[in-house]
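To start, the structure under review is shown below, and the notes come after it.
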Amino acid sequence: MASRTARSDEANEKQDLRIRVLGEPVDAYPEVPPEVARGTIRRITVVGEPILHRPCRKITEFGTPELAALIDDMFATMYGAEGVGLAANQIDVDAALFVYDCTDEDGVRHVGHLANPELDEADPAERRLVKGDEGCLSVPGAYMEVARLEHAAVHGQDSTGAPLRLAGTGYFARCLQHETDHLHGGLYLDRLSSRGRKKALKEMEERAEEIFARRTEAAETLGK
């Protein structure tokens, strides 16, 4: 998911604003996740490539060096593209896995990964859609208004295979829904009208060269 400045309300003094790593609060965490230094930046797939338009395979082997390396590469690629979320099929890997580093509506930072994610069914009484700008690293340069659940929760597994549930509000809720869509073969473009989709693709065509140049600069800044 492409980066976008999220709006945030003034936090309650009693609220726990610590960074969440895999959903758990921590007292300290580096500005750049350690996975970034370990990982290799890979090419990001672009809308139209078949792997983006079909459901990804479930991950069945956990705790392997290969899975750890994939998570590292995904973080490095996400940072190299200045994104806040990235799904495995966006680096041409057929695996139900995404990584994220995103803030919620209160400015709380959430960092981690999730394998085999499924979106929790929202309580109809509490279900509320909000519109907001949304972009995608596989649709470089285009931002369109998309309606998403104000609060979202997804469940799946961490890299060891342990059950993991993530929940969030604001831009983090949008990120969770966006990345889960990816792994089911969907893009945010699929939620747009025909006219909106055409507009987004035109914006991508107009800005792609600029975005790719920025990604090259970001990768150099990371020493990649």
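Going through the structure tokens in order, the chains are called A, B, and so on, while each chain numbers its residues from 1 and the ligands are numbered from 1 in the order shown.
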Determine, for each residue of range 6-79 of chain A having at least one atom at most 10 Å from an atom of range 86-90 of chain A, the closest pair of atoms and their separation in Å to one decimal, counting only C-alpha atoms; order by chain and ascending number, as a Markdown table.
| residue | atom | partner | partner_atom | distance |
| --- | --- | --- | --- | --- |
| A:Arg42 | CA | A:Gln90 | CA | 9.3 |
| A:Arg43 | CA | A:Gln90 | CA | 8.2 |
| A:Ile44 | CA | A:Gln90 | CA | 5.4 |
| A:Thr45 | CA | A:Gln90 | CA | 5.0 |
| A:Val46 | CA | A:Gln90 | CA | 7.6 |
| A:Val47 | CA | A:Gln90 | CA | 9.4 |
| A:Glu49 | CA | A:Gln90 | CA | 9.6 |
| A:Pro50 | CA | A:Asn89 | CA | 9.6 |
| A:Ile51 | CA | A:Asn89 | CA | 6.1 |
| A:Leu52 | CA | A:Asn89 | CA | 6.0 |
| A:His53 | CA | A:Asn89 | CA | 9.2 |
| A:Arg54 | CA | A:Asn89 | CA | 9.4 |
| A:Pro55 | CA | A:Asn89 | CA | 9.2 |
| A:Cys56 | CA | A:Asn89 | CA | 7.3 |
| A:Arg57 | CA | A:Asn89 | CA | 9.9 |
| A:Leu70 | CA | A:Ala88 | CA | 8.3 |
| A:Ile71 | CA | A:Ala88 | CA | 8.7 |
| A:Asp73 | CA | A:Ala88 | CA | 9.7 |
| A:Met74 | CA | A:Leu86 | CA | 6.8 |
| A:Phe75 | CA | A:Leu86 | CA | 7.8 |
| A:Thr77 | CA | A:Leu86 | CA | 8.2 |
| A:Met78 | CA | A:Leu86 | CA | 6.0 |
| A:Tyr79 | CA | A:Leu86 | CA | 9.5 |
Where in range 102-213 of chain A does DSSP assign strand (DSSP E or B), given as an MDAnalysis selection string? chainID A and resid 102:103 109:119 129:136 139:149 151:157 163:169
Could you list, as a list in words, every residue within 10 Å of range 121-133 of chain A, counting only C-alpha atoms and ignoring same-chain residues fewer than 6 positions away?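 The residues that qualify are Arg4, Thr5, Ala6, Ala142, Tyr143, Met144, Glu145, Val146, Ala147, Arg148, Leu149, Glu150, His151, Ala152, Ala153, Val154, Gly170, Tyr171 and Arg174 of chain A.
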Just the number, please: distance in Å from CA of Ala219 in chain A to CA of Leu137 in chain A, one decimal.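 We find that CA of Ala219 in chain A and CA of Leu137 in chain A lie 14.6 Å from each other.
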Please tabulate, as JSON lines, the residues of range 25-71 of chain A that come within 10 Å of range 107-117 of chain A, each with its closest pair of atoms and the distance in Å to one decimal, counting only C-alpha atoms and ordering rows by chain, then residue number upward.
{"residue": "A:Pro25", "atom": "CA", "partner": "A:His110", "partner_atom": "CA", "distance": 9.1}
{"residue": "A:Tyr29", "atom": "CA", "partner": "A:Val111", "partner_atom": "CA", "distance": 9.6}
{"residue": "A:Pro33", "atom": "CA", "partner": "A:Val111", "partner_atom": "CA", "distance": 8.1}
{"residue": "A:Glu35", "atom": "CA", "partner": "A:Gly112", "partner_atom": "CA", "distance": 9.9}
{"residue": "A:Cys56", "atom": "CA", "partner": "A:Asn116", "partner_atom": "CA", "distance": 9.0}
{"residue": "A:Arg57", "atom": "CA", "partner": "A:Asn116", "partner_atom": "CA", "distance": 8.5}
{"residue": "A:Lys58", "atom": "CA", "partner": "A:Asn116", "partner_atom": "CA", "distance": 5.7}
{"residue": "A:Ile59", "atom": "CA", "partner": "A:Asn116", "partner_atom": "CA", "distance": 6.5}
{"residue": "A:Thr60", "atom": "CA", "partner": "A:Asn116", "partner_atom": "CA", "distance": 9.1}
{"residue": "A:Phe62", "atom": "CA", "partner": "A:Ala115", "partner_atom": "CA", "distance": 9.6}
{"residue": "A:Ile71", "atom": "CA", "partner": "A:His113", "partner_atom": "CA", "distance": 7.5}
Using DSSP on the backbone coordinates, identify the residues of range 19-206 of chain A assigned to helix (DSSP H, G or I); present them as a PyMOL selection string. chain A and resi 34-38+50-53+65-80+88-91+170-183+188-191+194-206
